[in-house]
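Source file: query.txt (compact mmCIF, C-alpha atoms and all ligand atoms)
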```txt
# COMPACT_ATOMS: atom_id res chain seq x y z
CA MET A 3 6.02 -6.06 20.84
CA PRO A 4 8.99 -4.21 19.28
CA TYR A 5 8.52 -2.25 16.12
CA ARG A 6 10.35 -4.19 13.36
CA LEU A 7 8.73 -3.11 10.08
CA SER A 8 9.24 0.49 9.08
CA ARG A 9 6.81 0.66 6.13
CA LEU A 10 5.37 -0.84 3.00
CA GLY A 11 8.58 -0.25 1.06
CA TYR A 12 7.52 -1.11 -2.48
CA ILE A 13 4.98 -2.93 -4.58
CA GLU A 14 5.29 -4.37 -8.07
CA VAL A 15 2.29 -3.82 -10.34
CA ARG A 16 1.79 -5.49 -13.73
CA VAL A 17 0.75 -3.32 -16.68
CA LEU A 18 0.10 -4.13 -20.32
CA ASP A 19 2.30 -1.39 -21.84
CA LEU A 20 5.12 0.33 -20.00
CA ASP A 21 5.02 3.62 -21.93
CA ASP A 22 1.27 4.03 -21.50
CA ALA A 23 1.65 3.15 -17.83
CA LEU A 24 4.37 5.78 -17.34
CA GLN A 25 2.16 8.42 -18.98
CA HIS A 26 -0.34 7.75 -16.13
CA TYR A 27 1.94 7.10 -13.16
CA VAL A 28 4.28 10.00 -14.01
CA ASN A 29 2.03 12.66 -15.54
CA VAL A 30 -1.17 12.02 -13.56
CA LEU A 31 0.06 10.69 -10.20
CA GLY A 32 3.29 12.66 -10.42
CA LEU A 33 5.66 9.83 -9.48
CA ILE A 34 9.32 10.21 -10.43
CA VAL A 35 11.09 7.60 -12.58
CA THR A 36 14.34 6.54 -10.92
CA GLY A 37 15.30 3.68 -13.22
CA ARG A 38 14.26 1.61 -16.19
CA GLU A 39 15.55 -1.81 -17.15
CA GLY A 40 13.98 -3.90 -19.87
CA ARG A 41 10.31 -4.50 -19.11
CA ARG A 42 10.47 -2.73 -15.73
CA ALA A 43 10.37 0.88 -14.57
CA TYR A 44 11.17 1.99 -11.02
CA LEU A 45 9.40 5.00 -9.51
CA LYS A 46 8.94 6.86 -6.26
CA GLY A 47 7.08 9.80 -4.72
CA TRP A 48 9.01 13.04 -4.24
CA ASP A 49 9.38 12.63 -0.46
CA GLU A 50 10.63 9.03 -0.49
CA LYS A 51 14.24 8.56 0.44
CA HIS A 52 15.02 5.17 -1.07
CA ALA A 53 15.50 4.26 -4.72
CA TYR A 54 11.89 3.25 -5.47
CA SER A 55 8.49 2.36 -4.03
CA LEU A 56 6.71 1.24 -7.20
CA ILE A 57 7.89 -1.18 -9.86
CA LEU A 58 5.83 -1.24 -13.06
CA THR A 59 6.33 -4.44 -15.03
CA GLU A 60 5.10 -4.98 -18.56
CA SER A 61 3.15 -8.22 -18.67
CA ASP A 62 0.13 -9.77 -20.34
CA THR A 63 -1.82 -9.78 -17.07
CA LEU A 64 -2.70 -7.07 -14.53
CA GLY A 65 -2.52 -7.04 -10.74
CA MET A 66 0.15 -6.97 -8.08
CA GLU A 67 3.20 -9.18 -8.41
CA ARG A 68 4.47 -8.61 -4.85
CA MET A 69 4.42 -6.31 -1.85
CA ALA A 70 7.55 -5.67 0.22
CA PHE A 71 7.98 -4.41 3.76
CA ARG A 72 11.20 -2.75 4.86
CA THR A 73 12.46 -3.82 8.26
CA VAL A 74 13.65 -1.28 10.81
CA SER A 75 17.14 -2.84 11.02
CA PRO A 76 19.20 -5.64 9.41
CA GLU A 77 18.73 -7.63 12.65
CA ASP A 78 14.98 -7.50 12.14
CA LEU A 79 15.36 -9.29 8.82
CA GLU A 80 17.27 -12.04 10.67
CA TYR A 81 14.53 -12.06 13.30
CA TYR A 82 11.92 -12.77 10.62
CA LYS A 83 14.06 -15.52 9.05
CA ASP A 84 14.11 -17.26 12.43
CA ARG A 85 10.45 -16.57 13.03
CA LEU A 86 9.32 -18.02 9.69
CA LYS A 87 11.53 -21.08 10.27
CA LYS A 88 10.06 -21.57 13.74
CA LEU A 89 6.51 -21.23 12.44
CA ASN A 90 7.24 -23.59 9.51
CA VAL A 91 6.32 -20.93 6.98
CA PRO A 92 8.17 -21.72 3.75
CA PHE A 93 10.24 -18.83 2.37
CA ALA A 94 12.93 -18.18 -0.20
CA THR A 95 15.99 -16.00 0.31
CA ILE A 96 16.72 -13.69 -2.62
CA GLU A 97 20.28 -12.39 -2.66
CA SER A 98 19.59 -9.07 -4.36
CA ASP A 99 17.33 -7.18 -6.71
CA TYR A 100 17.53 -3.82 -8.49
CA LYS A 101 19.26 -1.39 -6.05
CA ARG A 102 18.17 -3.65 -3.18
CA GLY A 103 19.98 -6.10 -0.91
CA GLU A 104 18.86 -9.43 0.45
CA ALA A 105 15.17 -10.21 0.88
CA ILE A 106 13.06 -13.09 2.08
CA ARG A 107 9.95 -14.00 0.12
CA ALA A 108 6.88 -15.87 1.37
CA GLU A 109 3.31 -16.40 0.29
CA THR A 110 0.16 -15.54 2.22
CA PRO A 111 -2.65 -18.14 2.45
CA SER A 112 -4.45 -16.01 -0.16
CA GLY A 113 -1.55 -16.47 -2.61
CA HIS A 114 -0.07 -12.96 -2.38
CA THR A 115 3.71 -12.68 -2.53
CA VAL A 116 5.28 -10.78 0.37
CA GLU A 117 8.94 -9.80 0.70
CA LEU A 118 10.88 -8.40 3.63
CA TYR A 119 14.15 -6.54 3.11
CA TYR A 120 16.29 -3.97 4.82
CA THR A 121 18.83 -2.66 2.33
CA MET A 122 17.89 -0.43 -0.56
CA GLU A 123 19.98 2.31 -2.14
CA TYR A 124 19.45 5.50 -0.15
CA THR A 125 18.91 8.44 -2.48
CA GLY A 126 17.32 11.05 -0.21
CA ASN A 127 14.14 12.82 -1.33
CA VAL A 128 14.19 15.41 -4.13
CA LEU A 129 14.74 18.34 -1.74
CA PRO A 130 18.19 19.61 -0.70
CA ASP A 131 19.54 18.30 2.63
CA VAL A 132 20.39 21.82 3.77
CA ASN A 133 17.73 24.51 4.22
CA PRO A 134 15.07 22.64 2.24
CA PRO A 135 11.78 24.19 1.16
CA PRO A 136 8.67 22.29 2.39
CA TRP A 137 7.85 20.86 -1.04
CA PRO A 138 9.20 20.94 -4.59
CA MET A 139 7.52 23.35 -7.01
CA ASP A 140 8.16 21.41 -10.20
CA LEU A 141 5.98 18.33 -9.65
CA LYS A 142 3.76 16.87 -12.33
CA GLY A 143 0.05 16.05 -11.86
CA ILE A 144 -1.08 15.18 -8.34
CA GLY A 145 2.53 15.09 -7.16
CA VAL A 146 2.09 12.40 -4.51
CA PRO A 147 4.78 12.37 -1.80
CA ARG A 148 4.76 8.62 -1.16
CA LEU A 149 3.23 5.17 -1.42
CA ASP A 150 0.85 4.64 1.49
CA HIS A 151 -0.76 1.17 1.42
CA CYS A 152 -2.12 -1.64 -0.68
CA LEU A 153 -5.33 -3.59 -0.37
CA VAL A 154 -5.76 -7.22 -1.40
CA THR A 155 -8.64 -9.69 -1.48
CA ALA A 156 -8.75 -13.16 0.06
CA ALA A 157 -11.26 -16.00 -0.25
CA ASP A 158 -10.71 -16.83 3.44
CA PRO A 159 -9.89 -13.33 4.72
CA THR A 160 -9.73 -14.40 8.39
CA LYS A 161 -6.93 -16.86 7.61
CA THR A 162 -4.89 -14.29 5.69
CA ILE A 163 -5.47 -11.61 8.33
CA ARG A 164 -4.24 -14.06 11.02
CA TRP A 165 -1.19 -14.83 8.85
CA PHE A 166 -0.22 -11.15 8.68
CA GLU A 167 -0.76 -10.85 12.44
CA ASN A 168 0.97 -14.06 13.52
CA VAL A 169 3.77 -14.37 10.98
CA LEU A 170 4.65 -10.72 10.24
CA GLU A 171 3.35 -9.37 13.55
CA LEU A 172 1.33 -6.65 11.88
CA ARG A 173 -1.11 -4.95 14.23
CA PRO A 174 -4.75 -4.37 13.43
CA SER A 175 -5.80 -0.75 13.53
CA GLU A 176 -9.36 -1.62 12.48
CA TYR A 177 -11.36 -4.80 11.91
CA VAL A 178 -14.69 -5.71 10.36
CA LEU A 179 -16.07 -8.58 12.47
CA ASN A 180 -18.62 -11.18 11.43
CA GLY A 181 -21.36 -12.51 13.74
CA SER A 182 -18.94 -14.97 15.38
CA GLY A 183 -16.46 -12.21 16.16
CA ASP A 184 -13.88 -13.20 13.52
CA PRO A 185 -12.28 -10.49 11.39
CA ILE A 186 -13.41 -10.68 7.77
CA ALA A 187 -11.56 -7.50 6.87
CA ALA A 188 -8.61 -5.83 8.56
CA TRP A 189 -6.41 -2.77 8.28
CA LEU A 190 -2.93 -3.76 9.41
CA TRP A 191 0.24 -1.87 10.26
CA GLN A 192 3.31 -1.62 12.40
CA ARG A 193 4.17 2.04 11.80
CA PRO A 194 2.05 4.97 13.08
CA ALA A 195 -0.53 5.06 10.28
CA PRO A 196 -3.82 3.31 9.75
CA HIS A 197 -2.47 0.64 7.40
CA ASP A 198 0.36 -0.68 5.29
CA VAL A 199 -1.86 -3.43 3.94
CA ALA A 200 -5.56 -4.23 4.22
CA VAL A 201 -7.36 -7.48 3.50
CA VAL A 202 -11.01 -7.71 2.45
CA PRO A 203 -13.12 -10.66 1.24
CA GLY A 204 -12.83 -11.52 -2.46
CA PRO A 205 -10.97 -13.84 -4.79
CA ASP A 206 -7.53 -15.14 -3.75
CA ALA A 207 -4.33 -13.54 -5.08
CA LYS A 208 -6.11 -10.44 -6.37
CA PHE A 209 -5.23 -6.77 -6.11
CA HIS A 210 -7.87 -4.23 -5.13
CA HIS A 211 -5.79 -1.05 -5.14
CA CYS A 212 -2.59 0.70 -4.21
CA ALA A 213 -2.83 4.04 -2.44
CA PHE A 214 -0.57 7.06 -2.47
CA ALA A 215 -0.62 9.59 0.31
CA VAL A 216 -1.68 13.20 -0.02
CA GLU A 217 -1.53 15.54 2.94
CA THR A 218 -5.05 16.90 3.31
CA PRO A 219 -8.68 16.46 2.18
CA GLU A 220 -8.23 19.59 0.02
CA GLN A 221 -5.51 17.74 -1.85
CA VAL A 222 -7.93 14.89 -2.53
CA PHE A 223 -10.17 17.48 -4.24
CA ARG A 224 -7.19 18.81 -6.18
CA ALA A 225 -6.41 15.22 -7.21
CA CYS A 226 -10.00 14.86 -8.49
CA ASP A 227 -9.56 18.03 -10.58
CA ILE A 228 -6.39 16.61 -12.11
CA LEU A 229 -8.07 13.26 -12.78
CA ALA A 230 -10.92 15.07 -14.56
CA MET A 231 -8.53 17.34 -16.50
CA THR A 232 -6.54 14.32 -17.70
CA LYS A 233 -9.72 12.30 -18.47
CA THR A 234 -8.61 9.59 -16.04
CA LYS A 235 -11.42 7.18 -15.16
CA ILE A 236 -12.59 7.88 -11.57
CA ASP A 237 -14.03 4.81 -9.84
CA TYR A 238 -15.35 6.51 -6.75
CA GLY A 239 -14.96 9.74 -4.79
CA PRO A 240 -14.08 12.20 -3.47
CA SER A 241 -15.33 10.72 -0.23
CA ARG A 242 -14.41 9.64 3.27
CA HIS A 243 -13.82 6.22 4.75
CA GLY A 244 -15.50 5.50 8.09
CA ILE A 245 -12.76 2.93 8.67
CA THR A 246 -9.45 4.86 9.12
CA ARG A 247 -11.28 8.24 8.70
CA GLY A 248 -9.15 8.76 5.59
CA THR A 249 -10.37 10.88 2.70
CA THR A 250 -10.20 9.25 -0.69
CA VAL A 251 -10.63 9.14 -4.42
CA TYR A 252 -10.25 5.90 -6.40
CA PHE A 253 -9.36 5.81 -10.08
CA PHE A 254 -7.93 3.45 -12.68
CA ASP A 255 -4.63 3.29 -14.50
CA PRO A 256 -4.99 2.92 -18.30
CA PHE A 257 -5.40 -0.86 -17.99
CA GLY A 258 -7.79 -1.13 -15.03
CA ASN A 259 -5.52 -1.47 -11.98
CA ARG A 260 -7.15 0.64 -9.28
CA ASN A 261 -5.25 3.48 -7.60
CA GLU A 262 -6.24 5.63 -4.63
CA THR A 263 -5.07 8.93 -3.26
CA PHE A 264 -5.55 8.76 0.47
CA GLY A 265 -5.75 11.92 2.57
CA VAL A 266 -3.79 10.92 5.64
CA HIS A 267 -4.45 12.39 9.04
CA SER A 268 -3.24 12.15 12.62
CA ALA A 269 -5.73 9.64 14.06
CA TYR A 270 -3.01 7.02 14.47
CA GLN A 271 0.03 8.12 16.43
CA LEU A 272 2.37 5.34 17.46
CA ASP A 273 0.35 4.04 20.37
CA PRO A 274 1.45 0.73 21.84
CA ASP A 275 -1.87 0.50 23.72
CA HIS A 276 -4.01 0.79 20.60
CA LYS A 277 -6.86 -1.74 20.45
CA PRO A 278 -8.45 -2.33 17.07
CA ILE A 279 -11.51 -0.27 16.27
CA CYS A 280 -14.24 -2.73 15.29
CA TRP A 281 -17.00 -2.46 12.70
CA THR A 282 -19.90 -4.86 12.45
CA GLU A 283 -20.69 -6.49 9.11
CA ASP A 284 -23.97 -4.59 8.81
CA ALA A 285 -22.02 -1.30 9.08
CA LEU A 286 -19.55 -2.26 6.34
CA GLY A 287 -21.12 0.16 3.84
CA GLN A 288 -20.62 3.06 6.24
CA GLY A 289 -17.19 1.81 7.18
CA VAL A 290 -15.99 1.91 3.59
CA PHE A 291 -17.98 4.88 2.20
CA TYR A 292 -19.03 7.01 5.13
CA TYR A 293 -21.35 9.39 3.29
CA GLU A 294 -23.23 6.97 1.05
CA ARG A 295 -23.33 4.20 3.68
CA GLU A 296 -23.31 1.58 0.95
CA ILE A 297 -20.65 0.09 -1.28
CA ILE A 298 -21.02 0.47 -5.03
CA GLU A 299 -21.02 -2.82 -6.90
CA SER A 300 -18.02 -2.06 -9.18
CA PHE A 301 -15.89 -1.26 -6.15
CA LEU A 302 -16.15 -4.81 -4.86
CA SER A 303 -16.32 -6.67 -8.15
CA VAL A 304 -13.42 -5.04 -10.04
CA VAL A 305 -10.08 -6.49 -8.92
CA THR A 306 -7.00 -7.21 -11.02
C1 LIG B 401 -9.63 1.57 1.85
C2 LIG B 401 -8.83 2.27 2.84
C3 LIG B 401 -12.80 -2.00 0.70
C4 LIG B 401 -12.25 -0.95 1.55
C5 LIG B 401 -11.32 -0.08 1.20
C6 LIG B 401 -10.75 0.85 2.13
C7 LIG B 401 -12.14 -2.40 -0.53
O1 LIG B 401 -9.16 1.61 0.65
O2 LIG B 401 -7.80 2.79 2.45
O3 LIG B 401 -9.22 2.33 4.01
O4 LIG B 401 -13.79 -2.58 1.04
FE FE B 402 -7.15 2.25 0.52
```
Structure rendered as structure tokens:
Amino acid sequence: MPYRLSRLGYIEVRVLDLDDALQHYVNVLGLIVTGREGRRAYLKGWDEKHAYSLILTESDTLGMERMAFRTVSPEDLEYYKDRLKKLNVPFATIESDYKRGEAIRAETPSGHTVELYYTMEYTGNVLPDVNPPPWPMDLKGIGVPRLDHCLVTAADPTKTIRWFENVLELRPSEYVLNGSGDPIAAWLWQRPAPHDVAVVPGPDAKFHHCAFAVETPEQVFRACDILAMTKTKIDYGPSRHGITRGTTVYFFDPFGNRNETFGVHSAYQLDPDHKPICWTEDALGQGVFYYEREIIESFLSVVT
């Protein structure tokens, strides 16, 4: 199957106050503001080359408004238009958005809004194109390089997982299987990384967290120091996931949307032969929190 989605390009997250949100996303996470229009701010990590990867929208509710995948080429966007038509999946075509070209927008069975697009203003990262240093020295807070993935909950997770697989042709890197062998949680991707999006059981249309990459486990510890120094509420961590092997710390923005910094690693090279790694339901605790081998209650119950 050809590789048609390059990455989770951006997500839109609802916050109650834009200035308080920016204090967190800029000074603690270290994202860079690239635009602000009315109730919305546009941000990105220092190593991202397009105009934004996070939209913060002032609203009276929390959660994720939409997730958007960037296709590899303009032809791939046409491919998905045809594919959704063929599969009778309803979608809207949106001519343009802030610094972005055409997109198609559909809804998962769990009620999450998903967009696909190709064109977004290309800005380059914050380093010079010629003789760049490996990283910029003037970052704030954790200084995350990029958005990594988002995780959503679904009342019928198997149905939503199958939708991502069949409609968007995402590939499972890891599954949690129930006794009948159906996936009740999945980590899905097209690019060489454990996941762009993951689905776990929970209420429909809810947001569990968005994760930003850091390079190493040591940087997860550094992130924890910064979270403590800025009195940011840590939900859980530092720890390791059994599923994906990623290292992690979870914390909350000022309103209760959950964030993660995810220590990425090389377990997933682009391998067309990859078969999903499977976890049994009784090993879910270990799959999610490898050291404790059980999931803390707030981690499953708090979604926005
Ligand atoms: C991750 C991850 C849950 C599992 C979360 C796992 C919510 O966040 O990045 O692998 O059960
Ligand atoms: Fe995660």
Give me the box for region 230-246 of chain A as lines of an AutoDock Vina configuration file, namely the centre and edge lengths in Å to one decimal of a box along x, y and z that holds every listed atom plus 8 Å on each side.
```
center_x = -11.0
center_y = 10.1
center_z = -4.7
size_x = 25.0
size_y = 30.4
size_z = 43.6
```
Exercise. Counting all atoms listed in the file, which protein, DNA or RNA residues come within 8 Å of ligand FE 402 (chain B), given as a list in words?
Worked result: His151, Cys152, Leu153, Ala200, His211, Cys212, Ala213, Thr250, Glu262, Thr263 and Phe264 of chain A
For this session: Throw together the list of residues within 10 Å of ligand LIG 401 (chain B), counting only C-alpha atoms and all ligand atoms, and drop it here as JSON, numbers by chain.
Result: {"A": [150, 151, 152, 153, 154, 155, 176, 178, 187, 188, 189, 196, 197, 198, 199, 200, 201, 202, 203, 204, 209, 210, 211, 212, 213, 214, 242, 243, 244, 245, 246, 247, 248, 249, 250, 251, 252, 261, 262, 263, 264, 265, 266, 286, 287, 289, 290, 291, 297, 298, 301, 302, 303, 304, 305]}
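Going from CA of Asn180 (chain A) to CA of Ser300 (chain A) covers 22.5 Å.
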Problem set entry | Exercise: residues within 10 Å of coordinate (4.5, -2.5, -8.6), counting all atoms listed in the file, as a ChimeraX atom specification | /A:12-17,42-45,54-59,65-70,212
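Rounded to one decimal, CA of Asn90 (chain A) and CA of Ala156 (chain A) lie 21.3 Å from each other.
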For this session: Skip Tyr120 (chain A) itself and residues of its chain fewer than 5 positions away, then list as a PyMOL selection string all residues within 7 Å of it, counting all atoms listed in the file.
Result: chain A and resi 72-73+75-76+79
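Atom pair CA of Leu129 (chain A) / CA of Lys46 (chain A): separated by 13.6 Å.
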For this session: Do a neighbour search on region 27-31 of chain A at 10 Å with all atoms listed in the file, toss out local chain neighbours closer than 2 positions, and write the hits as an MDAnalysis selection string.
Result: chainID A and resid 21:25 33:35 45:47 56 58 141:147 214 225 228:229 231:234 255:256 261:263
Exercise. Given the choices A:Gly40, A:Pro111, A:Pro92, A:Gly11, which gets closest to Phe71 (chain A) if the distance is worked out from all atoms listed in the file?
Worked result: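 The closest residue to Phe71 (chain A) is A:Gly11.
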Problem set entry | Expected residue set, 12 Å radius at (12.2, -15.4, 13.8), all atoms listed in the file, as a VMD selection string | chain A and resid 6 77 to 91 106 168 to 171
Suppose we keep C-alpha atoms; can you now write the selection as a short mmCIF file (atom, residue, chain, number, x, y, z; two decimals), in the frame of the given file?
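Result saved to result.cif:
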```
data_model
loop_
_atom_site.label_atom_id
_atom_site.label_comp_id
_atom_site.auth_asym_id
_atom_site.auth_seq_id
_atom_site.Cartn_x
_atom_site.Cartn_y
_atom_site.Cartn_z
CA ARG A 6 10.35 -4.19 13.36
CA GLU A 77 18.73 -7.63 12.65
CA ASP A 78 14.98 -7.50 12.14
CA LEU A 79 15.36 -9.29 8.82
CA GLU A 80 17.27 -12.04 10.67
CA TYR A 81 14.53 -12.06 13.30
CA TYR A 82 11.92 -12.77 10.62
CA LYS A 83 14.06 -15.52 9.05
CA ASP A 84 14.11 -17.26 12.43
CA ARG A 85 10.45 -16.57 13.03
CA LEU A 86 9.32 -18.02 9.69
CA LYS A 87 11.53 -21.08 10.27
CA LYS A 88 10.06 -21.57 13.74
CA LEU A 89 6.51 -21.23 12.44
CA ASN A 90 7.24 -23.59 9.51
CA VAL A 91 6.32 -20.93 6.98
CA ILE A 106 13.06 -13.09 2.08
CA ASN A 168 0.97 -14.06 13.52
CA VAL A 169 3.77 -14.37 10.98
CA LEU A 170 4.65 -10.72 10.24
CA GLU A 171 3.35 -9.37 13.55
#
```
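When only C-alpha atoms are used to measure the gap to Asp237 (chain A), the shortest distance among A:Thr110, A:Asn259, A:Thr95, A:Gln221 belongs to A:Asn259.
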For this session: Measuring atom to atom with all atoms listed in the file, identify which of A:Ala53, A:Ile186, A:Ala230, A:Val222 is nearest to Trp281 (chain A).
Result: A:Ile186
For this session: Pick out the residues sitting within 8 Å of Phe257 (chain A), and hand them over as a VMD selection string; count all atoms listed in the file, and ignore anything fewer than 3 positions along from it in its own chain.
Result: chain A and resid 17 to 18 64 254
How would the residues just chosen look if you wrote them out with C-alpha atoms as a PDB file, keeping the file's coordinate frame?
```pdb
ATOM      1  CA  VAL A  17       0.750  -3.320 -16.680  1.00  0.00           C
ATOM      2  CA  LEU A  18       0.100  -4.130 -20.320  1.00  0.00           C
ATOM      3  CA  LEU A  64      -2.700  -7.070 -14.530  1.00  0.00           C
ATOM      4  CA  PHE A 254      -7.930   3.450 -12.680  1.00  0.00           C
TER       5      PHE A 254
END
```
Exercise. With only C-alpha atoms as the basis for distance, which of A:Lys51, A:Lys277, A:Lys101, A:Arg173 is at the shortest distance from Pro130 (chain A)?
Worked result: A:Lys51
Problem set entry | Residue nearest Asp273 (chain A) - candidates A:Thr162, A:Leu20, A:Tyr5, A:Met122, atoms counted: all atoms listed in the file |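 When distances to Asp273 (chain A) are compared using all atoms listed in the file, the smallest one comes from A:Tyr5.
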Problem set entry | Nearest to Gly32 (chain A), chosen from A:Glu123, A:Glu97, A:Asp49, A:Glu109, with all atoms listed in the file counted in the distances | A:Asp49
